[in-house]
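Enquirer: One file is attached below, coords_4.cif, containing mmCIF, C-alpha atoms.
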data_run
loop_
_atom_site.label_atom_id
_atom_site.label_comp_id
_atom_site.auth_asym_id
_atom_site.auth_seq_id
_atom_site.Cartn_x
_atom_site.Cartn_y
_atom_site.Cartn_z
CA MET Q 1 27.13 -23.13 -2.30
CA GLU Q 2 24.08 -25.00 -1.08
CA LEU Q 3 23.68 -27.27 1.96
CA TYR Q 4 20.66 -29.52 2.45
CA ASN Q 5 19.43 -31.78 5.22
CA GLY Q 6 19.36 -35.32 3.76
CA PRO Q 7 19.70 -36.43 0.12
CA LEU Q 8 20.01 -33.95 -2.74
CA ASP Q 9 17.29 -33.41 -5.35
CA VAL Q 10 19.81 -33.99 -8.14
CA LYS Q 11 17.55 -33.18 -11.11
CA GLU Q 12 16.28 -29.96 -9.54
CA ILE Q 13 19.80 -28.74 -8.73
CA PHE Q 14 21.26 -29.75 -12.13
CA GLY Q 15 18.42 -28.06 -14.00
CA ARG Q 16 18.41 -24.90 -11.90
CA TRP Q 17 22.17 -24.43 -12.34
CA LEU Q 18 21.74 -24.96 -16.09
CA ASP Q 19 19.04 -22.28 -16.16
CA GLU Q 20 21.04 -19.87 -14.00
CA GLU Q 21 23.90 -19.87 -16.53
CA ALA Q 22 21.74 -20.20 -19.67
CA LYS Q 23 22.70 -16.71 -20.89
CA SER Q 24 26.26 -16.60 -19.51
CA ASN Q 25 27.74 -17.87 -22.79
CA TYR Q 26 29.62 -20.78 -21.23
CA GLY Q 27 30.41 -23.57 -23.69
CA ALA Q 28 31.01 -26.33 -21.14
CA TYR Q 29 29.08 -27.40 -18.03
CA ILE Q 30 30.46 -30.36 -16.08
CA PRO Q 31 28.67 -31.49 -12.94
CA PHE Q 32 30.07 -34.27 -10.76
CA VAL Q 33 27.31 -36.18 -8.94
CA GLY Q 34 28.33 -38.29 -5.94
CA THR Q 35 25.96 -41.10 -4.95
CA ILE Q 36 26.08 -43.37 -1.90
CA ARG Q 37 27.11 -46.90 -2.87
CA ALA Q 38 25.64 -49.96 -1.17
CA GLU Q 39 28.70 -51.64 0.33
CA ASP Q 40 29.92 -53.06 3.64
CA GLY Q 41 26.37 -53.44 4.90
CA ILE Q 42 25.74 -49.72 5.35
CA GLU Q 43 22.22 -48.36 5.13
CA ALA Q 44 23.33 -44.74 4.72
CA LEU Q 45 26.23 -42.36 5.09
CA SER Q 46 25.93 -39.38 7.40
CA PHE Q 47 27.76 -36.05 7.25
CA ASP Q 48 28.80 -33.28 9.63
CA ILE Q 49 29.84 -29.98 8.04
CA TYR Q 50 31.61 -26.98 9.52
CA GLU Q 51 29.95 -24.35 7.38
CA PRO Q 52 32.08 -21.21 8.06
CA VAL Q 53 35.33 -22.85 6.93
CA LEU Q 54 33.58 -24.62 4.04
CA ARG Q 55 32.26 -21.26 2.86
CA ASN Q 56 35.76 -19.74 2.96
CA TRP Q 57 37.11 -22.72 1.05
CA PHE Q 58 34.37 -22.36 -1.56
CA ASP Q 59 34.82 -18.57 -1.92
CA ALA Q 60 38.56 -19.06 -2.50
CA TRP Q 61 37.72 -21.60 -5.21
CA GLN Q 62 35.25 -19.22 -6.83
CA ALA Q 63 38.01 -16.60 -7.08
CA ARG Q 64 40.42 -19.18 -8.49
CA ALA Q 65 37.86 -20.26 -11.12
CA ALA Q 66 37.12 -16.61 -12.02
CA GLU Q 67 40.81 -16.08 -12.87
CA ARG Q 68 40.33 -18.70 -15.58
CA GLY Q 69 37.00 -17.28 -16.79
CA ALA Q 70 35.02 -20.05 -15.11
CA ARG Q 71 32.45 -20.52 -12.32
CA VAL Q 72 32.04 -23.28 -9.75
CA LYS Q 73 28.94 -24.41 -7.88
CA MET Q 74 28.41 -27.02 -5.21
CA ALA Q 75 25.73 -28.68 -3.13
CA HIS Q 76 26.21 -31.08 -0.21
CA SER Q 77 24.07 -32.98 2.26
CA ILE Q 78 24.10 -32.70 6.05
CA GLY Q 79 22.98 -35.70 8.14
CA ASP Q 80 21.87 -39.08 6.81
CA VAL Q 81 21.88 -39.93 3.09
CA PRO Q 82 20.55 -43.44 2.25
CA VAL Q 83 22.33 -45.72 -0.24
CA HIS Q 84 21.55 -45.00 -3.93
CA THR Q 85 20.76 -41.36 -3.19
CA SER Q 86 23.17 -38.45 -3.69
CA SER Q 87 25.07 -36.35 -1.16
CA TYR Q 88 27.29 -34.19 -3.35
CA ILE Q 89 27.22 -32.21 -6.59
CA ALA Q 90 30.14 -30.08 -7.73
CA ALA Q 91 30.02 -28.27 -11.06
CA VAL Q 92 32.16 -26.14 -13.33
CA PHE Q 93 30.97 -23.76 -16.05
CA SER Q 94 33.60 -22.48 -18.46
CA PRO Q 95 33.77 -20.92 -21.91
CA ARG Q 96 35.93 -23.81 -23.17
CA ARG Q 97 36.17 -27.52 -22.57
CA ARG Q 98 39.87 -27.73 -21.58
CA VAL Q 99 39.54 -25.39 -18.61
CA ALA Q 100 36.29 -27.11 -17.55
CA LEU Q 101 37.89 -30.58 -17.64
CA GLU Q 102 40.93 -29.42 -15.69
CA LEU Q 103 38.93 -27.48 -13.10
CA ILE Q 104 36.36 -30.18 -12.33
CA GLU Q 105 39.19 -32.57 -11.49
CA GLU Q 106 41.08 -30.06 -9.32
CA PHE Q 107 37.89 -28.88 -7.64
CA VAL Q 108 36.64 -32.37 -6.74
CA GLU Q 109 40.08 -33.57 -5.56
CA ASP Q 110 40.69 -30.48 -3.43
CA PHE Q 111 37.18 -30.84 -2.02
CA LYS Q 112 37.96 -34.42 -0.97
CA ALA Q 113 41.19 -33.31 0.71
CA ASN Q 114 40.23 -30.00 2.28
CA ALA Q 115 36.49 -29.43 2.65
CA PRO Q 116 35.64 -29.56 6.39
CA ILE Q 117 33.16 -32.42 6.17
CA TRP Q 118 33.12 -35.58 8.28
CA LYS Q 119 31.64 -38.84 7.07
CA TYR Q 120 30.04 -41.62 9.10
CA ASP Q 121 28.80 -45.06 8.08
CA VAL Q 122 25.28 -45.71 9.31
CA ILE Q 123 24.87 -49.39 10.32
CA ASP Q 124 21.91 -50.58 12.40
CA GLY Q 125 21.06 -46.95 12.97
CA LYS Q 126 24.49 -46.20 14.52
CA ARG Q 127 26.91 -43.57 13.19
CA ILE Q 128 30.52 -44.79 12.87
CA TYR Q 129 33.23 -42.27 11.86
CA ALA Q 130 34.75 -43.35 8.50
CA GLU Q 131 38.25 -42.92 9.89
CA ASP Q 132 40.02 -45.21 7.39
CA ARG Q 133 38.66 -43.22 4.39
CA SER Q 134 39.35 -39.80 5.92
CA THR Q 135 42.34 -37.57 5.14
CA PRO Q 136 44.10 -35.06 7.38
CA MET Q 137 43.55 -31.55 5.97
CA GLU Q 138 46.37 -29.41 4.57
CA GLY Q 139 48.29 -28.08 7.57
CA ALA Q 140 47.29 -30.96 9.84
CA GLY Q 141 49.67 -31.62 12.75
CA LEU Q 142 50.11 -27.89 13.41
CA LEU Q 143 49.48 -28.35 17.14
CA ALA Q 144 52.06 -31.11 17.35
CA SER Q 145 54.67 -28.86 15.74
CA ALA Q 146 53.49 -25.80 17.72
CA ARG Q 147 54.32 -27.68 20.92
CA ASP Q 148 57.98 -27.65 19.88
CA GLU Q 149 58.00 -23.85 19.43
CA LYS Q 150 59.34 -21.66 22.21
CA MET O 1 24.22 -43.41 -28.00
CA GLU O 2 21.47 -40.99 -28.97
CA LEU O 3 21.25 -38.68 -31.99
CA TYR O 4 18.66 -35.90 -32.24
CA ASN O 5 17.64 -33.44 -34.92
CA GLY O 6 18.31 -29.97 -33.49
CA PRO O 7 19.15 -28.95 -29.89
CA LEU O 8 19.23 -31.48 -27.05
CA ASP O 9 16.68 -31.53 -24.23
CA VAL O 10 19.48 -31.43 -21.65
CA LYS O 11 17.36 -31.85 -18.51
CA GLU O 12 15.41 -34.78 -19.94
CA ILE O 13 18.57 -36.60 -21.02
CA PHE O 14 20.46 -35.90 -17.77
CA GLY O 15 17.53 -37.07 -15.65
CA ARG O 16 16.77 -40.15 -17.72
CA TRP O 17 20.40 -41.30 -17.59
CA LEU O 18 20.40 -40.73 -13.82
CA ASP O 19 17.25 -42.87 -13.50
CA GLU O 20 18.63 -45.59 -15.81
CA GLU O 21 21.62 -46.12 -13.50
CA ALA O 22 19.82 -45.43 -10.21
CA LYS O 23 20.22 -49.03 -9.04
CA SER O 24 23.59 -49.78 -10.72
CA ASN O 25 25.54 -48.82 -7.58
CA TYR O 26 27.79 -46.30 -9.31
CA GLY O 27 29.26 -43.72 -6.94
CA ALA O 28 30.15 -41.08 -9.54
CA TYR O 29 28.19 -39.66 -12.49
CA ILE O 30 29.91 -36.99 -14.58
CA PRO O 31 28.11 -35.53 -17.58
CA PHE O 32 29.81 -33.03 -19.88
CA VAL O 33 27.30 -30.63 -21.48
CA GLY O 34 28.44 -28.72 -24.57
CA THR O 35 26.54 -25.53 -25.38
CA ILE O 36 26.82 -23.30 -28.45
CA ARG O 37 28.54 -20.01 -27.59
CA ALA O 38 27.51 -16.73 -29.18
CA GLU O 39 30.70 -15.60 -30.95
CA ASP O 40 31.90 -14.40 -34.35
CA GLY O 41 28.37 -13.40 -35.31
CA ILE O 42 27.05 -16.93 -35.70
CA GLU O 43 23.37 -17.63 -35.19
CA ALA O 44 23.84 -21.40 -34.84
CA LEU O 45 26.22 -24.26 -35.42
CA SER O 46 25.20 -27.11 -37.68
CA PHE O 47 26.40 -30.73 -37.66
CA ASP O 48 26.73 -33.63 -40.08
CA ILE O 49 27.26 -37.07 -38.57
CA TYR O 50 28.34 -40.32 -40.17
CA GLU O 51 26.41 -42.63 -37.87
CA PRO O 52 27.87 -46.10 -38.70
CA VAL O 53 31.45 -45.08 -37.86
CA LEU O 54 30.29 -43.05 -34.85
CA ARG O 55 28.48 -46.12 -33.53
CA ASN O 56 31.63 -48.26 -33.92
CA TRP O 57 33.66 -45.57 -32.14
CA PHE O 58 31.11 -45.46 -29.31
CA ASP O 59 30.90 -49.25 -28.95
CA ALA O 60 34.69 -49.47 -28.69
CA TRP O 61 34.56 -46.84 -25.96
CA GLN O 62 31.84 -48.73 -24.10
CA ALA O 63 34.09 -51.82 -24.06
CA ARG O 64 37.04 -49.72 -22.88
CA ALA O 65 34.94 -48.22 -20.06
CA ALA O 66 33.63 -51.67 -19.06
CA GLU O 67 37.21 -52.87 -18.52
CA ARG O 68 37.44 -50.22 -15.80
CA GLY O 69 34.03 -51.04 -14.32
CA ALA O 70 32.45 -47.94 -15.84
CA ARG O 71 29.80 -46.99 -18.40
CA VAL O 72 29.67 -44.18 -20.97
CA LYS O 73 26.69 -42.50 -22.59
CA MET O 74 26.42 -39.82 -25.22
CA ALA O 75 23.93 -37.69 -27.09
CA HIS O 76 24.58 -35.39 -30.06
CA SER O 77 22.64 -33.12 -32.36
CA ILE O 78 22.30 -33.37 -36.13
CA GLY O 79 21.58 -30.22 -38.14
CA ASP O 80 21.20 -26.69 -36.76
CA VAL O 81 21.67 -25.87 -33.06
CA PRO O 82 21.08 -22.19 -32.13
CA VAL O 83 23.44 -20.29 -29.81
CA HIS O 84 22.84 -20.87 -26.06
CA THR O 85 21.35 -24.32 -26.72
CA SER O 86 23.22 -27.61 -26.38
CA SER O 87 24.49 -30.01 -29.05
CA TYR O 88 26.46 -32.55 -27.02
CA ILE O 89 26.30 -34.52 -23.78
CA ALA O 90 28.87 -37.15 -22.88
CA ALA O 91 28.71 -38.93 -19.53
CA VAL O 92 30.60 -41.43 -17.43
CA PHE O 93 29.23 -43.57 -14.61
CA SER O 94 31.77 -45.31 -12.41
CA PRO O 95 31.93 -46.91 -8.97
CA ARG O 96 34.67 -44.47 -7.91
CA ARG O 97 35.53 -40.85 -8.56
CA ARG O 98 39.11 -41.31 -9.85
CA VAL O 99 38.12 -43.53 -12.77
CA ALA O 100 35.17 -41.25 -13.56
CA LEU O 101 37.36 -38.12 -13.63
CA GLU O 102 39.98 -39.80 -15.82
CA LEU O 103 37.46 -41.33 -18.22
CA ILE O 104 35.37 -38.20 -18.80
CA GLU O 105 38.51 -36.35 -19.88
CA GLU O 106 39.73 -39.15 -22.18
CA PHE O 107 36.25 -39.73 -23.59
CA VAL O 108 35.60 -36.06 -24.41
CA GLU O 109 39.07 -35.49 -25.87
CA ASP O 110 38.95 -38.62 -28.02
CA PHE O 111 35.46 -37.63 -29.14
CA LYS O 112 36.78 -34.24 -30.27
CA ALA O 113 39.61 -35.89 -32.21
CA ASN O 114 37.94 -38.98 -33.68
CA ALA O 115 34.14 -38.85 -33.74
CA PRO O 116 33.01 -38.55 -37.40
CA ILE O 117 31.12 -35.28 -36.98
CA TRP O 118 31.48 -32.14 -39.11
CA LYS O 119 30.73 -28.68 -37.81
CA TYR O 120 29.49 -25.65 -39.72
CA ASP O 121 28.98 -22.05 -38.64
CA VAL O 122 25.55 -20.74 -39.58
CA ILE O 123 25.74 -17.07 -40.57
CA ASP O 124 22.90 -15.33 -42.41
CA GLY O 125 21.35 -18.76 -42.89
CA LYS O 126 24.44 -20.08 -44.71
CA ARG O 127 26.44 -23.13 -43.56
CA ILE O 128 30.22 -22.59 -43.54
CA TYR O 129 32.51 -25.56 -42.75
CA ALA O 130 34.46 -24.81 -39.53
CA GLU O 131 37.72 -25.84 -41.20
CA ASP O 132 40.05 -23.93 -38.87
CA ARG O 133 38.61 -25.66 -35.75
CA SER O 134 38.54 -29.14 -37.32
CA THR O 135 41.14 -31.89 -36.76
CA PRO O 136 42.23 -34.66 -39.12
CA MET O 137 41.17 -38.02 -37.64
CA GLU O 138 43.65 -40.64 -36.46
CA GLY O 139 45.06 -42.27 -39.59
CA ALA O 140 44.42 -39.25 -41.82
CA GLY O 141 46.61 -39.02 -44.91
CA LEU O 142 46.29 -42.75 -45.59
CA LEU O 143 45.46 -42.16 -49.25
CA ALA O 144 48.47 -39.91 -49.70
CA SER O 145 50.75 -42.61 -48.31
CA ALA O 146 48.88 -45.40 -50.16
CA ARG O 147 49.76 -43.65 -53.42
CA ASP O 148 53.43 -44.36 -52.69
CA GLU O 149 52.80 -48.10 -52.22
CA LYS O 150 53.46 -50.48 -55.11
CA MET P 1 33.49 -52.26 -58.42
CA VAL P 2 34.14 -50.27 -55.24
CA LYS P 3 31.80 -47.51 -54.05
CA VAL P 4 33.46 -44.35 -52.76
CA GLU P 5 31.54 -41.86 -50.56
CA PHE P 6 32.73 -38.39 -49.60
CA LEU P 7 31.52 -37.33 -46.16
CA GLY P 8 30.75 -34.01 -44.47
CA PRO P 9 31.91 -30.87 -46.25
CA ILE P 10 33.42 -32.52 -49.36
CA ALA P 11 30.96 -31.45 -52.05
CA ARG P 12 31.16 -34.52 -54.25
CA GLU P 13 28.70 -37.25 -55.21
CA ALA P 14 29.55 -40.87 -54.45
CA MET P 15 31.33 -42.71 -57.27
CA GLU P 16 31.94 -46.30 -58.43
CA VAL P 17 35.50 -47.20 -59.34
CA ASP P 18 37.23 -50.36 -60.50
CA VAL P 19 40.24 -50.65 -58.18
CA LYS P 20 41.83 -53.50 -56.18
CA SER P 21 43.75 -51.56 -53.52
CA LEU P 22 43.92 -48.26 -51.65
CA ALA P 23 47.02 -47.46 -53.71
CA GLU P 24 45.00 -47.73 -56.93
CA LEU P 25 42.12 -45.78 -55.43
CA SER P 26 44.53 -43.11 -54.28
CA LYS P 27 45.95 -42.64 -57.79
CA ARG P 28 42.44 -42.40 -59.15
CA LEU P 29 41.32 -39.78 -56.58
CA PHE P 30 44.43 -37.64 -56.95
CA GLU P 31 43.45 -37.17 -60.60
CA GLU P 32 40.34 -35.22 -59.55
CA GLU P 33 41.02 -31.59 -58.83
CA SER P 34 38.02 -31.11 -56.52
CA ILE P 35 39.14 -34.03 -54.34
CA ARG P 36 42.92 -33.71 -54.40
CA PRO P 37 43.26 -30.91 -51.74
CA TRP P 38 41.29 -32.99 -49.23
CA LEU P 39 43.25 -36.21 -49.43
CA GLU P 40 46.22 -35.37 -47.18
CA LYS P 41 43.79 -34.50 -44.35
CA CYS P 42 41.26 -37.30 -44.79
CA ALA P 43 40.92 -40.60 -42.96
CA VAL P 44 39.44 -43.70 -44.63
CA ALA P 45 36.87 -46.29 -43.59
CA VAL P 46 36.15 -49.48 -45.54
CA ASN P 47 32.69 -50.90 -44.89
CA ASP P 48 32.43 -48.51 -41.89
CA VAL P 49 35.63 -49.74 -40.22
CA MET P 50 38.49 -47.26 -39.95
CA VAL P 51 41.57 -48.38 -41.91
CA LYS P 52 45.16 -47.62 -40.92
CA ASP P 53 47.08 -49.88 -43.34
CA PRO P 54 47.93 -48.30 -46.72
CA ASN P 55 48.24 -51.85 -48.17
CA HIS P 56 44.62 -52.67 -47.35
CA ALA P 57 43.15 -54.69 -50.25
CA LEU P 58 39.78 -53.79 -51.77
CA LYS P 59 37.33 -56.30 -53.18
CA ASP P 60 34.25 -56.08 -55.33
CA GLY P 61 31.34 -54.52 -53.42
CA ASP P 62 33.48 -52.74 -50.81
CA ARG P 63 32.27 -49.34 -49.66
CA VAL P 64 35.00 -46.76 -49.00
CA SER P 65 34.25 -43.61 -46.96
CA ILE P 66 36.49 -40.55 -47.13
CA LEU P 67 36.36 -38.65 -43.81
CA PRO P 68 37.60 -35.03 -43.73
CA PRO P 69 38.78 -33.26 -40.51
CA VAL P 70 36.19 -33.46 -37.72
CA CYS P 71 34.90 -31.21 -34.97
CA GLY P 72 32.09 -32.68 -32.91
CA GLY P 73 30.74 -31.28 -29.67
CA MET D 1 40.34 -16.31 27.20
CA VAL D 2 40.35 -18.36 23.99
CA LYS D 3 37.46 -20.64 23.04
CA VAL D 4 38.40 -24.05 21.61
CA GLU D 5 35.88 -26.12 19.61
CA PHE D 6 36.35 -29.75 18.57
CA LEU D 7 34.66 -30.56 15.27
CA GLY D 8 33.18 -33.66 13.66
CA PRO D 9 33.89 -36.98 15.37
CA ILE D 10 35.92 -35.64 18.33
CA ALA D 11 33.54 -36.26 21.20
CA ARG D 12 34.49 -33.30 23.36
CA GLU D 13 32.65 -30.18 24.52
CA ALA D 14 34.10 -26.77 23.66
CA MET D 15 36.42 -25.30 26.31
CA GLU D 16 37.75 -21.90 27.38
CA VAL D 17 41.47 -21.67 27.99
CA ASP D 18 43.81 -18.88 28.97
CA VAL D 19 46.63 -19.10 26.38
CA LYS D 20 48.54 -16.58 24.26
CA SER D 21 49.86 -18.81 21.46
CA LEU D 22 49.27 -22.07 19.62
CA ALA D 23 52.33 -23.45 21.41
CA GLU D 24 50.68 -22.85 24.78
CA LEU D 25 47.37 -24.22 23.54
CA SER D 26 49.13 -27.29 22.22
CA LYS D 27 50.75 -28.05 25.61
CA ARG D 28 47.37 -27.64 27.27
CA LEU D 29 45.58 -29.98 24.82
CA PHE D 30 48.28 -32.67 24.94
CA GLU D 31 47.53 -32.98 28.64
CA GLU D 32 44.04 -34.31 27.88
CA GLU D 33 43.97 -38.00 27.16
CA SER D 34 40.76 -37.92 25.08
CA ILE D 35 42.21 -35.22 22.79
CA ARG D 36 45.86 -36.23 22.53
CA PRO D 37 45.48 -39.02 19.89
CA TRP D 38 43.70 -36.60 17.53
CA LEU D 39 46.23 -33.78 17.55
CA GLU D 40 48.81 -35.13 15.06
CA LYS D 41 46.04 -35.53 12.45
CA CYS D 42 44.09 -32.33 13.09
CA ALA D 43 44.21 -29.00 11.27
CA VAL D 44 43.46 -25.71 13.03
CA ALA D 45 41.34 -22.69 12.18
CA VAL D 46 41.37 -19.44 14.16
CA ASN D 47 38.18 -17.40 13.80
CA ASP D 48 37.25 -19.70 10.86
CA VAL D 49 40.46 -19.04 8.92
CA MET D 50 42.80 -22.00 8.42
CA VAL D 51 46.17 -21.47 10.11
CA LYS D 52 49.48 -22.86 8.84
CA ASP D 53 51.95 -20.99 11.06
CA PRO D 54 52.80 -22.72 14.38
CA ASN D 55 53.86 -19.30 15.77
CA HIS D 56 50.39 -17.85 15.24
CA ALA D 57 49.56 -15.60 18.22
CA LEU D 58 46.22 -15.89 20.04
CA LYS D 59 44.39 -13.01 21.62
CA ASP D 60 41.53 -12.67 24.02
CA GLY D 61 38.22 -13.66 22.38
CA ASP D 62 39.77 -15.78 19.61
CA ARG D 63 37.88 -18.90 18.60
CA VAL D 64 40.04 -21.92 17.73
CA SER D 65 38.55 -24.87 15.78
CA ILE D 66 40.20 -28.29 15.80
CA LEU D 67 39.46 -30.12 12.51
CA PRO D 68 40.01 -33.89 12.35
CA PRO D 69 40.58 -35.82 9.05
CA VAL D 70 37.87 -35.12 6.49
CA CYS D 71 35.95 -37.08 3.88
CA GLY D 72 33.28 -35.11 2.04
CA GLY D 73 31.47 -36.21 -1.06
#
Could you spell out this file's structure in structure tokens?
Expert:
Amino acid sequence: MELYNGPLDVKEIFGRWLDEEAKSNYGAYIPFVGTIRAEDGIEALSFDIYEPVLRNWFDAWQARAAERGARVKMAHSIGDVPVHTSSYIAAVFSPRRRVALELIEEFVEDFKANAPIWKYDVIDGKRIYAEDRSTPMEGAGLLASARDEK
Amino acid sequence: MELYNGPLDVKEIFGRWLDEEAKSNYGAYIPFVGTIRAEDGIEALSFDIYEPVLRNWFDAWQARAAERGARVKMAHSIGDVPVHTSSYIAAVFSPRRRVALELIEEFVEDFKANAPIWKYDVIDGKRIYAEDRSTPMEGAGLLASARDEK
Amino acid sequence: MVKVEFLGPIAREAMEVDVKSLAELSKRLFEEESIRPWLEKCAVAVNDVMVKDPNHALKDGDRVSILPPVCGG
Amino acid sequence: MVKVEFLGPIAREAMEVDVKSLAELSKRLFEEESIRPWLEKCAVAVNDVMVKDPNHALKDGDRVSILPPVCGG
């Protein structure tokens, strides 16, 4: 797992991961590259990350991939990422295509739902929390229900 | 659609496709990279391609992707591709992740089933048709059923 | 005349046959022992377009491709 | 004492509170107007491990993180 300040160097990361697994005898390598779209007048997106929980989330995913003979990798940006540059790469390596196709989907969707990362639109240099596109994590509302416990 | 004699230059192709769509405002780029696994004592795989039908298949896919606001690209090898090098890259660009994740799976699976490409194991320099891993194309058996027509 | 090409692993030279339909072509190909075992598993393109209709008519100058089971990637 | 950190967009400094359970912590946080609207939507980690059990006990020195809705990628 790799975190960078600002946009990702997509080609460097893609190529390095390819080289790292060049002798691992995987038959399928599927990276997912996420790029900031120009929309709603934003100049950039900006990200906060809580690294300790993200690392636990990633390590659990690595174990889950290993059970299926696969490996996952990811890179993400911290701070501002201008439109048309990339903030996120997730990748799966697997001996066979079926497992790779299934895992990249599960990995990216679970990342969206449960990676502790907060997104902000950057407009006129101001950071605005992207509340309407954000999702409560698994287990959200625990404090509300805890209040009802004895 | 790109065809090459021998192994693909994966980094060059990945990076060039990234650059080609750098200003297209796609939010998701998912390449699938297929690499030859060392197994069953093969030294390489080898491929025959019937390009005219492959091109029609690819053009139909491009139209199908365009209906969903996406683009597909592909590269494949002709002839011998040694183990641990790559013979196949398929990619989807899409504004949003969901369409990209769905299309890359459909595109790769349909490619496996219907792209007019024949695979051979190369063992001791001899080409052996990979019959047991090959699939009859959609519409196979037409001549057997045509024989029963008037 | 119709030109028939055998693709990929089918070890057979192209041939010219005088047929007017896939049904006629089929009868002709089933006569050849080296081709017969392939036919159940093969798909067919006419002039590089995949054909699904067993009643597809053939005309002079058509090019028929016989496509055995595939495995790209 | 338990340390409570508010992550991401919750504009609130960390605080130290004297509580023995999530239930007690919850009552304490619901008292604060700036925090209350977040609580229904937030997940909780204790010492960087996500917690799902509302009966989870807290002990002296624990670090509680309050995680608002996420959107990576």
Enquirer: Within 12 Å of (41.6, -39.5, -29.0) in the file's own coordinates, which protein, DNA or RNA residues have an atom, counting all atoms listed in the file? List them as a list in words.
Expert: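 I get Trp57, Trp61, Leu103, Glu105, Glu106, Phe107, Val108, Glu109, Asp110, Phe111, Lys112, Ala113, Asn114, Ala115, Thr135, Pro136, Met137, Glu138 and Gly139 of chain O; Val70 of chain P for the residues within 12 Å of that point.
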Enquirer: Please write the residues from the selection above to a file, keeping C-alpha atoms, as a PDB file, in the coordinates of the input.
Expert:
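Contents of selection.pdb, as written:
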ATOM      1  CA  TRP O  57      33.660 -45.570 -32.140  1.00  0.00           C
ATOM      2  CA  TRP O  61      34.560 -46.840 -25.960  1.00  0.00           C
ATOM      3  CA  LEU O 103      37.460 -41.330 -18.220  1.00  0.00           C
ATOM      4  CA  GLU O 105      38.510 -36.350 -19.880  1.00  0.00           C
ATOM      5  CA  GLU O 106      39.730 -39.150 -22.180  1.00  0.00           C
ATOM      6  CA  PHE O 107      36.250 -39.730 -23.590  1.00  0.00           C
ATOM      7  CA  VAL O 108      35.600 -36.060 -24.410  1.00  0.00           C
ATOM      8  CA  GLU O 109      39.070 -35.490 -25.870  1.00  0.00           C
ATOM      9  CA  ASP O 110      38.950 -38.620 -28.020  1.00  0.00           C
ATOM     10  CA  PHE O 111      35.460 -37.630 -29.140  1.00  0.00           C
ATOM     11  CA  LYS O 112      36.780 -34.240 -30.270  1.00  0.00           C
ATOM     12  CA  ALA O 113      39.610 -35.890 -32.210  1.00  0.00           C
ATOM     13  CA  ASN O 114      37.940 -38.980 -33.680  1.00  0.00           C
ATOM     14  CA  ALA O 115      34.140 -38.850 -33.740  1.00  0.00           C
ATOM     15  CA  THR O 135      41.140 -31.890 -36.760  1.00  0.00           C
ATOM     16  CA  PRO O 136      42.230 -34.660 -39.120  1.00  0.00           C
ATOM     17  CA  MET O 137      41.170 -38.020 -37.640  1.00  0.00           C
ATOM     18  CA  GLU O 138      43.650 -40.640 -36.460  1.00  0.00           C
ATOM     19  CA  GLY O 139      45.060 -42.270 -39.590  1.00  0.00           C
TER      20      GLY O 139
ATOM     21  CA  VAL P  70      36.190 -33.460 -37.720  1.00  0.00           C
TER      22      VAL P  70
END
Enquirer: Starting from chain O, keep only residues with some atom at most 8 Å from an atom of chain P, counting all atoms listed in the file, and report them as a ChimeraX atom specification.
Expert: /O:34,47-50,52-53,56,76,87-88,111-119,129-131,133-150
Enquirer: So what does the PyMOL selection byres ((chain O) within 9 of (chain Q)) actually pick up in this one, as a VMD selection string?
Expert: chain O and resid 10 to 11 14 to 15 18 22 to 39 83 to 86 95 97 to 98 101 to 102 104 to 105 108 to 109
Enquirer: Would you mind exporting the chosen residues as a compact mmCIF listing (two decimals), keeping the file's coordinate frame, restricted to C-alpha atoms?
Expert:
# COMPACT_ATOMS: atom_id res chain seq x y z
CA VAL O 10 19.48 -31.43 -21.65
CA LYS O 11 17.36 -31.85 -18.51
CA PHE O 14 20.46 -35.90 -17.77
CA GLY O 15 17.53 -37.07 -15.65
CA LEU O 18 20.40 -40.73 -13.82
CA ALA O 22 19.82 -45.43 -10.21
CA LYS O 23 20.22 -49.03 -9.04
CA SER O 24 23.59 -49.78 -10.72
CA ASN O 25 25.54 -48.82 -7.58
CA TYR O 26 27.79 -46.30 -9.31
CA GLY O 27 29.26 -43.72 -6.94
CA ALA O 28 30.15 -41.08 -9.54
CA TYR O 29 28.19 -39.66 -12.49
CA ILE O 30 29.91 -36.99 -14.58
CA PRO O 31 28.11 -35.53 -17.58
CA PHE O 32 29.81 -33.03 -19.88
CA VAL O 33 27.30 -30.63 -21.48
CA GLY O 34 28.44 -28.72 -24.57
CA THR O 35 26.54 -25.53 -25.38
CA ILE O 36 26.82 -23.30 -28.45
CA ARG O 37 28.54 -20.01 -27.59
CA ALA O 38 27.51 -16.73 -29.18
CA GLU O 39 30.70 -15.60 -30.95
CA VAL O 83 23.44 -20.29 -29.81
CA HIS O 84 22.84 -20.87 -26.06
CA THR O 85 21.35 -24.32 -26.72
CA SER O 86 23.22 -27.61 -26.38
CA PRO O 95 31.93 -46.91 -8.97
CA ARG O 97 35.53 -40.85 -8.56
CA ARG O 98 39.11 -41.31 -9.85
CA LEU O 101 37.36 -38.12 -13.63
CA GLU O 102 39.98 -39.80 -15.82
CA ILE O 104 35.37 -38.20 -18.80
CA GLU O 105 38.51 -36.35 -19.88
CA VAL O 108 35.60 -36.06 -24.41
CA GLU O 109 39.07 -35.49 -25.87
Enquirer: Go ahead and compute the interatomic distance for CA of Arg68 in chain O and CA of Met74 in chain Q, in Å to one decimal.
Expert: 27.1 Å
Enquirer: What is the distance between CA of Gly79 in chain Q and CA of Trp17 in chain O, in Å to one decimal?
Expert: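 Between CA of Gly79 in chain Q and CA of Trp17 in chain O the gap is 26.5 Å.
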Enquirer: How big is the axis-aligned box around the listed atoms of range 10-22 of chain O once 8 Å is added on each side, and where is its centre? Give both in Å to one decimal, as JSON.
Expert:
{"center_x": 18.5, "center_y": -38.8, "center_z": -15.9, "size_x": 22.2, "size_y": 30.7, "size_z": 27.4}
